[in-house]
>>> print(open('query-v3.pdb').read())   # PDB, C-alpha atoms
ATOM      1  CA  MET A 715     116.742  78.203  97.577
ATOM      2  CA  ARG A 716     115.156  81.599  97.039
ATOM      3  CA  VAL A 717     112.864  82.996  99.718
ATOM      4  CA  ARG A 718     109.558  84.464  98.691
ATOM      5  CA  PRO A 719     109.067  88.083  99.817
ATOM      6  CA  LEU A 720     106.666  87.156 102.647
ATOM      7  CA  PHE A 721     106.038  83.933 104.496
ATOM      8  CA  ALA A 722     102.513  82.624 104.803
ATOM      9  CA  LEU A 723     100.460  83.841 107.756
ATOM     10  CA  LEU A 724     100.537  81.186 110.440
ATOM     11  CA  CYS A 725      97.030  80.373 111.512
ATOM     12  CA  CYS A 726      94.471  77.682 111.884
ATOM     13  CA  ALA A 727      91.320  77.348 109.823
ATOM     14  CA  ALA A 728      88.110  78.133 111.681
ATOM     15  CA  VAL A 729      89.572  79.295 115.005
ATOM     16  CA  ALA A 730      86.802  80.072 117.477
ATOM     17  CA  PRO A 731      86.828  83.641 118.840
ATOM     18  CA  SER A 732      87.253  82.341 122.398
ATOM     19  CA  ALA A 733      90.127  80.005 121.583
ATOM     20  CA  PHE A 734      92.765  82.468 122.746
ATOM     21  CA  ALA A 735      90.740  84.300 125.374
ATOM     22  CA  GLN A 736      92.821  82.709 128.126
ATOM     23  CA  LEU A 737      95.944  84.621 126.999
ATOM     24  CA  ASP A 738      95.754  87.445 129.508
ATOM     25  CA  VAL A 739      99.322  88.498 128.690
ATOM     26  CA  ARG A 740     100.668  91.997 128.196
ATOM     27  CA  GLU A 741     102.668  92.369 124.962
ATOM     28  CA  VAL A 742     106.189  93.789 125.068
ATOM     29  CA  LYS A 743     106.504  97.473 124.278
ATOM     30  CA  GLY A 744     108.218  98.324 121.013
ATOM     31  CA  GLY A 745     108.059  94.782 119.679
ATOM     32  CA  LYS A 746     106.844  94.005 116.183
ATOM     33  CA  ASP A 747     106.366  90.908 114.083
ATOM     34  CA  HIS A 748     109.129  90.305 111.576
ATOM     35  CA  PRO A 749     107.998  90.858 107.960
ATOM     36  CA  LEU A 750     109.494  87.514 106.934
ATOM     37  CA  LEU A 751     107.557  85.343 109.379
ATOM     38  CA  SER A 752     104.322  86.094 111.209
ATOM     39  CA  ARG A 753     103.215  84.900 114.617
ATOM     40  CA  PHE A 754     100.933  81.919 115.132
ATOM     41  CA  GLU A 755      97.442  83.393 115.097
ATOM     42  CA  GLY A 756      96.449  84.744 118.525
ATOM     43  CA  ALA A 757      99.899  84.346 120.104
ATOM     44  CA  LYS A 758     101.186  87.172 122.325
ATOM     45  CA  MET A 759     104.689  88.627 122.058
ATOM     46  CA  VAL A 760     106.661  88.369 125.317
ATOM     47  CA  GLY A 761     110.195  88.972 124.097
ATOM     48  CA  TYR A 762     111.696  91.173 121.402
ATOM     49  CA  ASN A 763     115.207  92.264 120.494
ATOM     50  CA  ALA A 764     116.490  93.494 117.127
ATOM     51  CA  VAL A 765     119.970  94.752 116.257
ATOM     52  CA  ARG A 766     121.259  95.988 112.929
ATOM     53  CA  TYR A 767     124.287  93.703 112.900
ATOM     54  CA  ASP A 768     125.274  90.802 115.144
ATOM     55  CA  GLN A 769     126.191  87.133 115.116
ATOM     56  CA  ALA A 770     123.734  84.412 116.069
ATOM     57  CA  GLU A 771     124.555  80.906 117.270
ATOM     58  CA  LEU A 772     122.048  78.417 115.890
ATOM     59  CA  PRO A 773     122.417  74.693 116.652
ATOM     60  CA  ALA A 774     122.315  72.559 113.514
ATOM     61  CA  SER A 775     122.970  69.304 115.358
ATOM     62  CA  ARG A 776     121.924  67.753 118.658
ATOM     63  CA  PRO A 777     123.414  69.579 121.690
ATOM     64  CA  TYR A 778     124.927  67.322 124.358
ATOM     65  CA  PHE A 779     126.769  67.557 127.649
ATOM     66  CA  LYS A 780     130.493  66.849 127.902
ATOM     67  CA  ASN A 781     132.531  67.601 131.012
ATOM     68  CA  ASN A 782     129.537  69.480 132.420
ATOM     69  CA  GLU A 783     129.446  71.811 129.412
ATOM     70  CA  ILE A 784     126.918  71.960 126.588
ATOM     71  CA  LYS A 785     128.513  71.087 123.248
ATOM     72  CA  VAL A 786     127.156  71.505 119.710
ATOM     73  CA  ASP A 787     129.178  69.897 116.931
ATOM     74  CA  ASN A 788     127.482  71.891 114.179
ATOM     75  CA  LEU A 789     126.798  75.418 115.411
ATOM     76  CA  LEU A 790     125.845  77.886 112.680
ATOM     77  CA  LYS A 791     127.083  81.429 113.276
ATOM     78  CA  PRO A 792     125.412  83.642 110.660
ATOM     79  CA  GLU A 793     125.987  87.394 110.809
ATOM     80  CA  GLY A 794     123.674  90.197 109.796
ATOM     81  CA  SER A 795     120.503  91.931 110.905
ATOM     82  CA  TYR A 796     119.522  89.809 113.908
ATOM     83  CA  THR A 797     115.983  89.644 115.335
ATOM     84  CA  ARG A 798     114.869  87.577 118.325
ATOM     85  CA  ILE A 799     111.168  87.219 119.121
ATOM     86  CA  ALA A 800     109.339  85.150 121.742
ATOM     87  CA  TYR A 801     105.600  84.461 121.875
ATOM     88  CA  VAL A 802     103.279  82.498 124.139
ATOM     89  CA  PHE A 803     100.205  80.683 122.864
ATOM     90  CA  ALA A 804      97.041  79.255 124.385
ATOM     91  CA  LYS A 805      96.850  76.019 126.323
ATOM     92  CA  ASP A 806      94.273  74.551 123.946
ATOM     93  CA  ARG A 807      96.747  74.557 121.012
ATOM     94  CA  SER A 808      99.298  71.786 120.945
ATOM     95  CA  GLY A 809     102.997  72.316 120.364
ATOM     96  CA  LEU A 810     102.744  69.923 117.432
ATOM     97  CA  GLU A 811     100.053  72.034 115.757
ATOM     98  CA  VAL A 812     102.099  75.215 116.136
ATOM     99  CA  PHE A 813     105.282  73.532 114.919
ATOM    100  CA  ARG A 814     103.599  72.007 111.866
ATOM    101  CA  ASN A 815     102.239  75.436 110.935
ATOM    102  CA  TYR A 816     105.730  76.913 111.041
ATOM    103  CA  GLN A 817     107.117  73.994 109.052
ATOM    104  CA  ALA A 818     104.474  74.546 106.368
ATOM    105  CA  ALA A 819     105.137  78.286 106.186
ATOM    106  CA  ILE A 820     108.886  77.777 105.898
ATOM    107  CA  ALA A 821     108.437  75.163 103.162
ATOM    108  CA  GLN A 822     106.063  77.470 101.286
ATOM    109  CA  ALA A 823     108.628  80.263 101.516
ATOM    110  CA  GLY A 824     111.236  78.080  99.810
ATOM    111  CA  LEU A 825     113.673  77.706 102.683
ATOM    112  CA  LYS A 826     115.718  74.559 103.111
ATOM    113  CA  VAL A 827     115.579  72.957 106.557
ATOM    114  CA  MET A 828     119.155  72.265 107.650
ATOM    115  CA  TYR A 829     118.337  70.533 110.927
ATOM    116  CA  THR A 830     115.219  69.604 112.854
ATOM    117  CA  CYS A 831     114.400  67.580 115.946
ATOM    118  CA  GLU A 832     111.456  66.740 118.171
ATOM    119  CA  LYS A 833     111.259  65.895 121.869
ATOM    120  CA  GLU A 834     113.927  63.431 123.096
ATOM    121  CA  ALA A 835     115.818  63.624 119.800
ATOM    122  CA  CYS A 836     116.696  67.250 120.615
ATOM    123  CA  GLY A 837     119.058  66.172 123.392
ATOM    124  CA  ALA A 838     120.261  69.077 125.545
ATOM    125  CA  LEU A 839     118.621  71.696 123.341
ATOM    126  CA  SER A 840     116.427  72.943 126.185
ATOM    127  CA  SER A 841     119.444  73.515 128.428
ATOM    128  CA  TYR A 842     121.292  75.244 125.587
ATOM    129  CA  TYR A 843     118.448  77.692 124.981
ATOM    130  CA  ASN A 844     117.788  78.411 128.628
ATOM    131  CA  SER A 845     121.437  79.173 129.369
ATOM    132  CA  SER A 846     122.487  81.013 126.236
ATOM    133  CA  TYR A 847     119.392  82.578 124.756
ATOM    134  CA  LEU A 848     116.011  82.722 126.436
ATOM    135  CA  MET A 849     117.236  83.848 129.853
ATOM    136  CA  ARG A 850     119.901  86.201 128.531
ATOM    137  CA  ASP A 851     119.816  89.996 128.978
ATOM    138  CA  GLY A 852     116.229  90.160 130.240
ATOM    139  CA  PHE A 853     114.883  89.014 126.897
ATOM    140  CA  LEU A 854     111.715  87.346 128.188
ATOM    141  CA  GLU A 855     109.262  89.728 129.812
ATOM    142  CA  GLY A 856     106.083  89.089 131.765
ATOM    143  CA  GLY A 857     107.492  87.675 134.987
ATOM    144  CA  SER A 858     107.876  84.163 136.331
ATOM    145  CA  GLY A 859     104.752  82.847 134.610
ATOM    146  CA  ILE A 860     106.251  83.447 131.166
ATOM    147  CA  HIS A 861     109.614  81.994 132.161
ATOM    148  CA  ASN A 862     107.883  78.958 133.634
ATOM    149  CA  SER A 863     105.915  78.433 130.423
ATOM    150  CA  PHE A 864     109.145  78.055 128.463
ATOM    151  CA  ASN A 865     110.873  76.062 131.197
ATOM    152  CA  ALA A 866     108.013  73.560 131.356
ATOM    153  CA  GLY A 867     107.515  73.163 127.616
ATOM    154  CA  LEU A 868     111.188  72.875 126.763
ATOM    155  CA  SER A 869     111.210  69.418 128.307
ATOM    156  CA  GLU A 870     109.468  68.361 125.065
ATOM    157  CA  PRO A 871     110.800  70.829 122.459
ATOM    158  CA  ARG A 872     110.408  70.911 118.724
ATOM    159  CA  TYR A 873     113.040  72.800 116.740
ATOM    160  CA  LEU A 874     114.245  73.571 113.256
ATOM    161  CA  VAL A 875     116.802  75.811 111.581
ATOM    162  CA  ALA A 876     116.410  76.716 107.910
ATOM    163  CA  GLN A 877     118.280  78.729 105.313
ATOM    164  CA  GLY A 878     117.271  80.511 102.125
ATOM    165  CA  THR A 879     118.152  83.293  99.717
ATOM    166  CA  GLN A 880     116.194  86.536  99.628
ATOM    167  CA  PRO A 881     115.277  88.360  96.399
ATOM    168  CA  ASP A 882     118.289  90.705  96.798
ATOM    169  CA  GLY A 883     120.646  87.705  96.896
ATOM    170  CA  SER A 884     121.365  87.863 100.626
ATOM    171  CA  VAL A 885     121.176  84.742 102.793
ATOM    172  CA  VAL A 886     118.612  84.445 105.578
ATOM    173  CA  HIS A 887     118.618  81.971 108.479
ATOM    174  CA  VAL A 888     115.536  81.173 110.550
ATOM    175  CA  ALA A 889     115.443  79.148 113.775
ATOM    176  CA  VAL A 890     112.106  78.108 115.316
ATOM    177  CA  LEU A 891     111.799  76.575 118.779
ATOM    178  CA  ILE A 892     108.427  75.437 120.153
ATOM    179  CA  ALA A 893     107.741  74.700 123.820
ATOM    180  CA  PRO A 894     104.303  73.029 124.169
ATOM    181  CA  PRO A 895     101.831  73.914 126.943
ATOM    182  CA  LEU A 896     102.693  71.592 129.833
ATOM    183  CA  ARG A 897     101.798  71.425 133.542
ATOM    184  CA  GLY A 898      99.129  74.097 133.151
ATOM    185  CA  TYR A 899     101.423  76.696 131.578
ATOM    186  CA  LEU A 900     101.118  78.450 128.214
ATOM    187  CA  GLY A 901     103.045  77.289 125.177
ATOM    188  CA  GLY A 902     106.112  79.189 123.982
ATOM    189  CA  ILE A 903     107.557  80.100 120.581
ATOM    190  CA  SER A 904     111.096  81.330 119.979
ATOM    191  CA  LEU A 905     112.047  82.807 116.619
ATOM    192  CA  GLN A 906     115.493  83.889 115.490
ATOM    193  CA  ILE A 907     115.915  85.519 112.094
ATOM    194  CA  VAL A 908     119.297  86.537 110.702
ATOM    195  CA  GLU A 909     119.348  88.468 107.423
ATOM    196  CA  GLY A 910     122.810  88.479 105.921
ATOM    197  CA  LYS A 911     122.938  92.167 105.084
ATOM    198  CA  PRO A 912     126.276  94.010 104.878
ATOM    199  CA  MET A 913     127.397  95.702 108.052
ATOM    200  CA  ASP A 914     127.413  99.497 108.155
ATOM    201  CA  THR A 915     131.003 100.600 107.685
ATOM    202  CA  GLY A 916     132.844 103.881 107.971
ATOM    203  CA  LYS A 917     131.756 104.230 111.606
ATOM    204  CA  VAL A 918     135.333 104.138 112.891
ATOM    205  CA  ALA A 919     138.052 106.041 111.081
ATOM    206  CA  ALA A 920     141.599 104.699 110.924
ATOM    207  CA  THR A 921     143.251 107.520 109.004
ATOM    208  CA  LEU A 922     146.978 107.421 108.342
ATOM    209  CA  ASN A 923     148.802 110.574 109.372
ATOM    210  CA  ALA A 924     151.024 112.521 107.002
ATOM    211  CA  GLY A 925     154.172 110.865 108.334
ATOM    212  CA  ASP A 926     152.769 107.384 107.725
ATOM    213  CA  MET A 927     151.775 108.385 104.212
ATOM    214  CA  ALA A 928     155.234 109.767 103.469
ATOM    215  CA  ARG A 929     156.944 106.588 104.682
ATOM    216  CA  ARG A 930     154.710 104.348 102.561
ATOM    217  CA  ILE A 931     155.182 106.471  99.475
ATOM    218  CA  ALA A 932     158.960 106.372 100.020
ATOM    219  CA  ALA A 933     158.894 102.586 100.413
ATOM    220  CA  GLU A 934     156.232 101.591  97.871
ATOM    221  CA  GLY A 935     155.657 104.635  95.680
ATOM    222  CA  LYS A 936     152.017 104.806  96.773
ATOM    223  CA  VAL A 937     149.710 104.774  99.773
ATOM    224  CA  ALA A 938     146.084 103.675 100.098
ATOM    225  CA  VAL A 939     143.808 106.055 102.003
ATOM    226  CA  TYR A 940     140.619 104.550 103.450
ATOM    227  CA  GLY A 941     139.303 107.605 105.251
ATOM    228  CA  VAL A 942     137.797 109.261 102.167
ATOM    229  CA  TYR A 943     134.062 108.583 102.024
ATOM    230  CA  PHE A 944     131.360 108.862  99.380
ATOM    231  CA  ASP A 945     127.688 107.973  99.448
ATOM    232  CA  THR A 946     126.776 104.929  97.347
ATOM    233  CA  ASP A 947     127.054 105.749  93.652
ATOM    234  CA  LYS A 948     127.840 109.423  94.441
ATOM    235  CA  THR A 949     130.940 111.466  93.710
ATOM    236  CA  ASP A 950     130.900 114.276  96.286
ATOM    237  CA  VAL A 951     133.375 113.825  99.131
ATOM    238  CA  LYS A 952     131.517 113.443 102.424
ATOM    239  CA  PRO A 953     132.280 115.705 105.420
ATOM    240  CA  ALA A 954     133.468 112.633 107.354
ATOM    241  CA  SER A 955     136.546 112.650 105.052
ATOM    242  CA  LYS A 956     138.044 115.812 106.562
ATOM    243  CA  ALA A 957     140.571 114.024 108.775
ATOM    244  CA  ALA A 958     142.014 112.052 105.844
ATOM    245  CA  LEU A 959     142.025 115.052 103.515
ATOM    246  CA  ALA A 960     143.815 117.163 106.103
ATOM    247  CA  GLU A 961     146.594 114.569 106.419
ATOM    248  CA  MET A 962     146.894 114.301 102.626
ATOM    249  CA  ALA A 963     147.221 118.082 102.417
ATOM    250  CA  LYS A 964     149.804 118.110 105.214
ATOM    251  CA  LEU A 965     151.836 115.498 103.327
ATOM    252  CA  LEU A 966     151.885 117.675 100.230
ATOM    253  CA  GLN A 967     152.585 120.859 102.198
ATOM    254  CA  GLN A 968     155.546 119.290 103.980
ATOM    255  CA  ASP A 969     157.132 118.057 100.748
ATOM    256  CA  LYS A 970     156.814 120.866  98.207
ATOM    257  CA  ASN A 971     158.419 118.756  95.477
ATOM    258  CA  LEU A 972     155.993 115.863  95.765
ATOM    259  CA  LYS A 973     153.520 115.417  92.923
ATOM    260  CA  VAL A 974     150.905 112.685  93.098
ATOM    261  CA  HIS A 975     148.337 110.887  91.045
ATOM    262  CA  ILE A 976     145.070 110.682  92.975
ATOM    263  CA  VAL A 977     143.727 107.302  91.919
ATOM    264  CA  GLY A 978     140.129 106.249  92.552
ATOM    265  CA  HIS A 979     139.261 102.561  92.960
ATOM    266  CA  THR A 980     135.943 100.704  93.208
ATOM    267  CA  ASP A 981     134.861  97.120  93.828
ATOM    268  CA  ASN A 982     133.508  95.021  90.962
ATOM    269  CA  GLN A 983     129.806  95.441  91.759
ATOM    270  CA  GLY A 984     127.923  96.835  88.765
ATOM    271  CA  ALA A 985     129.046  97.551  85.227
ATOM    272  CA  SER A 986     132.775  98.132  84.712
ATOM    273  CA  ALA A 987     132.201 101.163  82.484
ATOM    274  CA  HIS A 988     130.076 102.814  85.151
ATOM    275  CA  ASN A 989     132.662 102.054  87.826
ATOM    276  CA  MET A 990     135.382 103.568  85.676
ATOM    277  CA  GLU A 991     133.397 106.769  85.324
ATOM    278  CA  LEU A 992     132.499 106.793  89.016
ATOM    279  CA  SER A 993     136.102 106.323  90.150
ATOM    280  CA  GLN A 994     137.301 109.088  87.819
ATOM    281  CA  LYS A 995     134.762 111.560  89.140
ATOM    282  CA  ARG A 996     135.604 110.666  92.722
ATOM    283  CA  ALA A 997     139.309 111.170  92.076
ATOM    284  CA  ASP A 998     138.465 114.523  90.464
ATOM    285  CA  SER A 999     136.466 115.469  93.571
ATOM    286  CA  VAL A1000     139.372 114.688  95.901
ATOM    287  CA  ALA A1001     141.793 116.699  93.775
ATOM    288  CA  ARG A1002     139.356 119.605  93.635
ATOM    289  CA  VAL A1003     138.863 119.662  97.409
ATOM    290  CA  LEU A1004     142.627 119.542  98.050
ATOM    291  CA  ALA A1005     143.170 122.427  95.644
ATOM    292  CA  THR A1006     140.281 124.655  96.721
ATOM    293  CA  GLU A1007     139.898 123.985 100.434
ATOM    294  CA  TYR A1008     143.476 123.065 101.396
ATOM    295  CA  LYS A1009     145.299 125.346  98.890
ATOM    296  CA  VAL A1010     147.387 122.574  97.322
ATOM    297  CA  ASP A1011     148.748 123.622  93.913
ATOM    298  CA  ALA A1012     146.476 121.872  91.409
ATOM    299  CA  ARG A1013     149.484 121.350  89.097
ATOM    300  CA  ARG A1014     150.835 118.844  91.626
ATOM    301  CA  LEU A1015     147.685 116.725  91.422
ATOM    302  CA  SER A1016     146.596 114.373  88.648
ATOM    303  CA  ALA A1017     143.287 112.579  89.070
ATOM    304  CA  LYS A1018     142.722 109.164  87.556
ATOM    305  CA  GLY A1019     139.988 106.561  88.024
ATOM    306  CA  ILE A1020     140.666 102.904  87.284
ATOM    307  CA  GLY A1021     137.456 101.409  88.639
ATOM    308  CA  PRO A1022     137.653  97.730  89.634
ATOM    309  CA  PHE A1023     140.836  96.876  87.730
ATOM    310  CA  ALA A1024     143.391  96.954  90.566
ATOM    311  CA  PRO A1025     141.847  95.057  93.501
ATOM    312  CA  VAL A1026     143.835  94.391  96.652
ATOM    313  CA  ALA A1027     141.417  91.724  97.939
ATOM    314  CA  SER A1028     138.780  89.326  96.671
ATOM    315  CA  ASN A1029     135.474  90.864  95.621
ATOM    316  CA  ASP A1030     133.561  87.722  96.584
ATOM    317  CA  ALA A1031     132.585  89.079 100.021
ATOM    318  CA  GLU A1032     131.927  92.496 101.538
ATOM    319  CA  PRO A1033     135.147  92.745 103.630
ATOM    320  CA  GLY A1034     137.217  92.370 100.462
ATOM    321  CA  ARG A1035     135.054  94.747  98.465
ATOM    322  CA  GLU A1036     135.449  97.328 101.210
ATOM    323  CA  LYS A1037     139.242  97.132 100.886
ATOM    324  CA  ASN A1038     138.983  97.596  97.143
ATOM    325  CA  ARG A1039     136.960 100.809  97.493
ATOM    326  CA  ARG A1040     139.765 103.258  98.189
ATOM    327  CA  VAL A1041     141.707 106.316  97.136
ATOM    328  CA  GLU A1042     145.425 105.983  96.517
ATOM    329  CA  LEU A1043     148.155 108.590  96.309
ATOM    330  CA  VAL A1044     150.733 107.456  93.748
ATOM    331  CA  LYS A1045     153.996 109.344  93.370
ATOM    332  CA  GLN A1046     154.423 110.854  89.907
TER
END
>>> encode(input="query-v3.pdb", output="structure tokens")
Amino acid sequence: MRVRPLFALLCCAAVAPSAFAQLDVREVKGGKDHPLLSRFEGAKMVGYNAVRYDQAELPASRPYFKNNEIKVDNLLKPEGSYTRIAYVFAKDRSGLEVFRNYQAAIAQAGLKVMYTCEKEACGALSSYYNSSYLMRDGFLEGGSGIHNSFNAGLSEPRYLVAQGTQPDGSVVHVAVLIAPPLRGYLGGISLQIVEGKPMDTGKVAATLNAGDMARRIAAEGKVAVYGVYFDTDKTDVKPASKAALAEMAKLLQQDKNLKVHIVGHTDNQGASAHNMELSQKRADSVARVLATEYKVDARRLSAKGIGPFAPVASNDAEPGREKNRRVELVKQ
């Protein structure tokens, strides 16, 4: 199901100004509400962590104990931009009211609830969250009072995990856990949002050296080089490509008789005609840099772009598409 750009603001009609006056809680520094899902009106943020790429572990079935360990038969492990947020809310709002507001907002946004539970039906969910999430890496701030609020309320939790598709086609997962105000403590809200965006790549180079390239060309007649980088939809070779270019030049300098086709490849995203043109211009750029900056005889280089027409992996997912975006040296 497709997610609308913004979830509904979570609030209650006709909330008295003094309804949340009892929340004398200092908000975490640097925290911010996620644009996909707002806080319950008047709640205070007491935990915040956001990373550009990580894996979450979201229960989609009832956790239980087995051999003194917490087990979850259906544990979702989505990867992407991962945001964790915790809030506390006033004692005069019930956990049910807060949970129903989140349910309504998620339904309005077009997400599909994959699993939900309330109170006893949640099994060992409270133990799972206390051991693996809420108490991890200093996430909750505000001292023992905040921790006690979650500890108390998680004896009667309400929880859901939902999934949807964002306008750009990426998958988003949302997990909501509500701990009601019990034993005089504040209520607690835990949100986890995982946006399935591609991971930044090209951060670690694994460039073949000239000897490796020579051996592969001798054995296979070609070698794929993954250390040549371009900005998205651009044709200029990026400075981060120097290590790979230097090894390509060394290969050609060590074997004066070697002539190569420099072949540019793309994934299948976008129009094929555009990818053909893009791959040709990128191959031209590599040949030009080798000739001008590394003094390789241009007559030994032939640039050719073949776009998406020679994949080495499936284009259905980003890891495969990344393998398909490459430069190859093919012996003439």
>>> closest_atom_pairs(input="query-v3.pdb", of="segment 767-834 of chain A", to="segment 883-897 of chain A", cutoff="10 Å", atoms="all atoms listed in the file", output="JSON lines")
{"residue": "A:Ala770", "atom": "CA", "partner": "A:His887", "partner_atom": "CA", "distance": 9.5}
{"residue": "A:Glu771", "atom": "CA", "partner": "A:Ala889", "partner_atom": "CA", "distance": 9.9}
{"residue": "A:Leu772", "atom": "CA", "partner": "A:Ala889", "partner_atom": "CA", "distance": 7.0}
{"residue": "A:Pro773", "atom": "CA", "partner": "A:Ala889", "partner_atom": "CA", "distance": 8.8}
{"residue": "A:Ala774", "atom": "CA", "partner": "A:Ala889", "partner_atom": "CA", "distance": 9.5}
{"residue": "A:Leu790", "atom": "CA", "partner": "A:His887", "partner_atom": "CA", "distance": 9.3}
{"residue": "A:Lys791", "atom": "CA", "partner": "A:His887", "partner_atom": "CA", "distance": 9.7}
{"residue": "A:Pro792", "atom": "CA", "partner": "A:His887", "partner_atom": "CA", "distance": 7.3}
{"residue": "A:Glu793", "atom": "CA", "partner": "A:His887", "partner_atom": "CA", "distance": 9.4}
{"residue": "A:Gly794", "atom": "CA", "partner": "A:Val886", "partner_atom": "CA", "distance": 8.7}
{"residue": "A:Ser795", "atom": "CA", "partner": "A:Val886", "partner_atom": "CA", "distance": 9.4}
{"residue": "A:Tyr796", "atom": "CA", "partner": "A:His887", "partner_atom": "CA", "distance": 9.6}
{"residue": "A:Thr797", "atom": "CA", "partner": "A:Val888", "partner_atom": "CA", "distance": 9.7}
{"residue": "A:Arg798", "atom": "CA", "partner": "A:Ala889", "partner_atom": "CA", "distance": 9.6}
{"residue": "A:Ile799", "atom": "CA", "partner": "A:Val890", "partner_atom": "CA", "distance": 9.9}
{"residue": "A:Ala800", "atom": "CA", "partner": "A:Leu891", "partner_atom": "CA", "distance": 9.4}
{"residue": "A:Tyr801", "atom": "CA", "partner": "A:Ile892", "partner_atom": "CA", "distance": 9.6}
{"residue": "A:Val802", "atom": "CA", "partner": "A:Ala893", "partner_atom": "CA", "distance": 9.0}
{"residue": "A:Phe803", "atom": "CA", "partner": "A:Pro895", "partner_atom": "CA", "distance": 8.1}
{"residue": "A:Ala804", "atom": "CA", "partner": "A:Pro895", "partner_atom": "CA", "distance": 7.6}
{"residue": "A:Lys805", "atom": "CA", "partner": "A:Pro895", "partner_atom": "CA", "distance": 5.4}
{"residue": "A:Asp806", "atom": "CA", "partner": "A:Pro895", "partner_atom": "CA", "distance": 8.2}
{"residue": "A:Arg807", "atom": "CA", "partner": "A:Pro895", "partner_atom": "CA", "distance": 7.8}
{"residue": "A:Ser808", "atom": "CA", "partner": "A:Pro894", "partner_atom": "CA", "distance": 6.1}
{"residue": "A:Gly809", "atom": "CA", "partner": "A:Pro894", "partner_atom": "CA", "distance": 4.1}
{"residue": "A:Leu810", "atom": "CA", "partner": "A:Pro894", "partner_atom": "CA", "distance": 7.6}
{"residue": "A:Glu811", "atom": "CA", "partner": "A:Pro894", "partner_atom": "CA", "distance": 9.5}
{"residue": "A:Val812", "atom": "CA", "partner": "A:Ile892", "partner_atom": "CA", "distance": 7.5}
{"residue": "A:Phe813", "atom": "CA", "partner": "A:Ile892", "partner_atom": "CA", "distance": 6.4}
{"residue": "A:Tyr816", "atom": "CA", "partner": "A:Val890", "partner_atom": "CA", "distance": 7.8}
{"residue": "A:Gln817", "atom": "CA", "partner": "A:Val890", "partner_atom": "CA", "distance": 9.0}
{"residue": "A:Ile820", "atom": "CA", "partner": "A:Val888", "partner_atom": "CA", "distance": 8.8}
{"residue": "A:Leu825", "atom": "CA", "partner": "A:His887", "partner_atom": "CA", "distance": 8.7}
{"residue": "A:Lys826", "atom": "CA", "partner": "A:His887", "partner_atom": "CA", "distance": 9.6}
{"residue": "A:Val827", "atom": "CA", "partner": "A:Val888", "partner_atom": "CA", "distance": 9.1}
{"residue": "A:Met828", "atom": "CA", "partner": "A:His887", "partner_atom": "CA", "distance": 9.8}
{"residue": "A:Tyr829", "atom": "CA", "partner": "A:Ala889", "partner_atom": "CA", "distance": 9.5}
{"residue": "A:Thr830", "atom": "CA", "partner": "A:Val890", "partner_atom": "CA", "distance": 9.4}
{"residue": "A:Cys831", "atom": "CA", "partner": "A:Leu891", "partner_atom": "CA", "distance": 9.8}
{"residue": "A:Glu832", "atom": "CA", "partner": "A:Ile892", "partner_atom": "CA", "distance": 9.4}
{"residue": "A:Lys833", "atom": "CA", "partner": "A:Ala893", "partner_atom": "CA", "distance": 9.7}
>>> closest_residue(input="query-v3.pdb", among="A:Ser1016, A:Leu972, A:Leu1004, A:Gly878", to="Lys956 of chain A", atoms="only C-alpha atoms")
A:Leu1004
>>> closest_residue(input="query-v3.pdb", among="A:Leu868, A:Val1003, A:Met990, A:Val974", to="Ser904 of chain A", atoms="only C-alpha atoms")
A:Leu868
>>> residues_near_point(input="query-v3.pdb", point="(141.6, 112.6, 89.2)", cutoff="6 Å", atoms="all atoms listed in the file", output="list in words")
Ile976, Gln994, Ala997, Asp998, Ser1016, Ala1017 and Lys1018 of chain A
>>> closest_residue(input="query-v3.pdb", among="A:Pro1025, A:Val1041, A:Phe864, A:Ser858", to="Asn844 of chain A", atoms="all atoms listed in the file")
A:Phe864
>>> atom_distance(input="query-v3.pdb", atom1="atom CA of Leu905 of chain A", atom2="atom CA of Ile860 of chain A")
15.7 Å
>>> closest_residue(input="query-v3.pdb", among="A:Met759, A:Ala1001, A:Ala987, A:Val937", to="Leu959 of chain A", atoms="all atoms listed in the file")
A:Ala1001
>>> residues_near_point(input="query-v3.pdb", point="(150.9, 122.9, 103.3)", cutoff="8 Å", atoms="only C-alpha atoms", output="count of residues only")
9
>>> atom_distance(input="query-v3.pdb", atom1="atom CA of Glu1007 of chain A", atom2="atom CA of Ala933 of chain A")
28.6 Å
>>> resolve_selection(input="query-v3.pdb", expression="the PyMOL selection byres ((chain A and resi 762) around 9)", output="list in words")
Val742, Lys743, Gly744, Gly745, Lys746, Met759, Val760, Gly761, Asn763, Ala764, Thr797, Arg798, Ile799, Ala800, Phe853, Leu854 and Glu855 of chain A
>>> resolve_selection(input="query-v3.pdb", expression="the PyMOL selection byres ((chain A and resi 777) around 9)", output="JSON list (two decimals) with C-alpha atoms, in the coordinates of the input")
[["chain", "number", "residue", "atom", "x", "y", "z"],
["A", 773, "PRO", "CA", 122.42, 74.69, 116.65],
["A", 774, "ALA", "CA", 122.32, 72.56, 113.51],
["A", 775, "SER", "CA", 122.97, 69.30, 115.36],
["A", 776, "ARG", "CA", 121.92, 67.75, 118.66],
["A", 778, "TYR", "CA", 124.93, 67.32, 124.36],
["A", 779, "PHE", "CA", 126.77, 67.56, 127.65],
["A", 784, "ILE", "CA", 126.92, 71.96, 126.59],
["A", 785, "LYS", "CA", 128.51, 71.09, 123.25],
["A", 786, "VAL", "CA", 127.16, 71.50, 119.71],
["A", 787, "ASP", "CA", 129.18, 69.90, 116.93],
["A", 788, "ASN", "CA", 127.48, 71.89, 114.18],
["A", 836, "CYS", "CA", 116.70, 67.25, 120.62],
["A", 837, "GLY", "CA", 119.06, 66.17, 123.39],
["A", 838, "ALA", "CA", 120.26, 69.08, 125.54],
["A", 839, "LEU", "CA", 118.62, 71.70, 123.34],
["A", 840, "SER", "CA", 116.43, 72.94, 126.18],
["A", 841, "SER", "CA", 119.44, 73.52, 128.43],
["A", 842, "TYR", "CA", 121.29, 75.24, 125.59]]
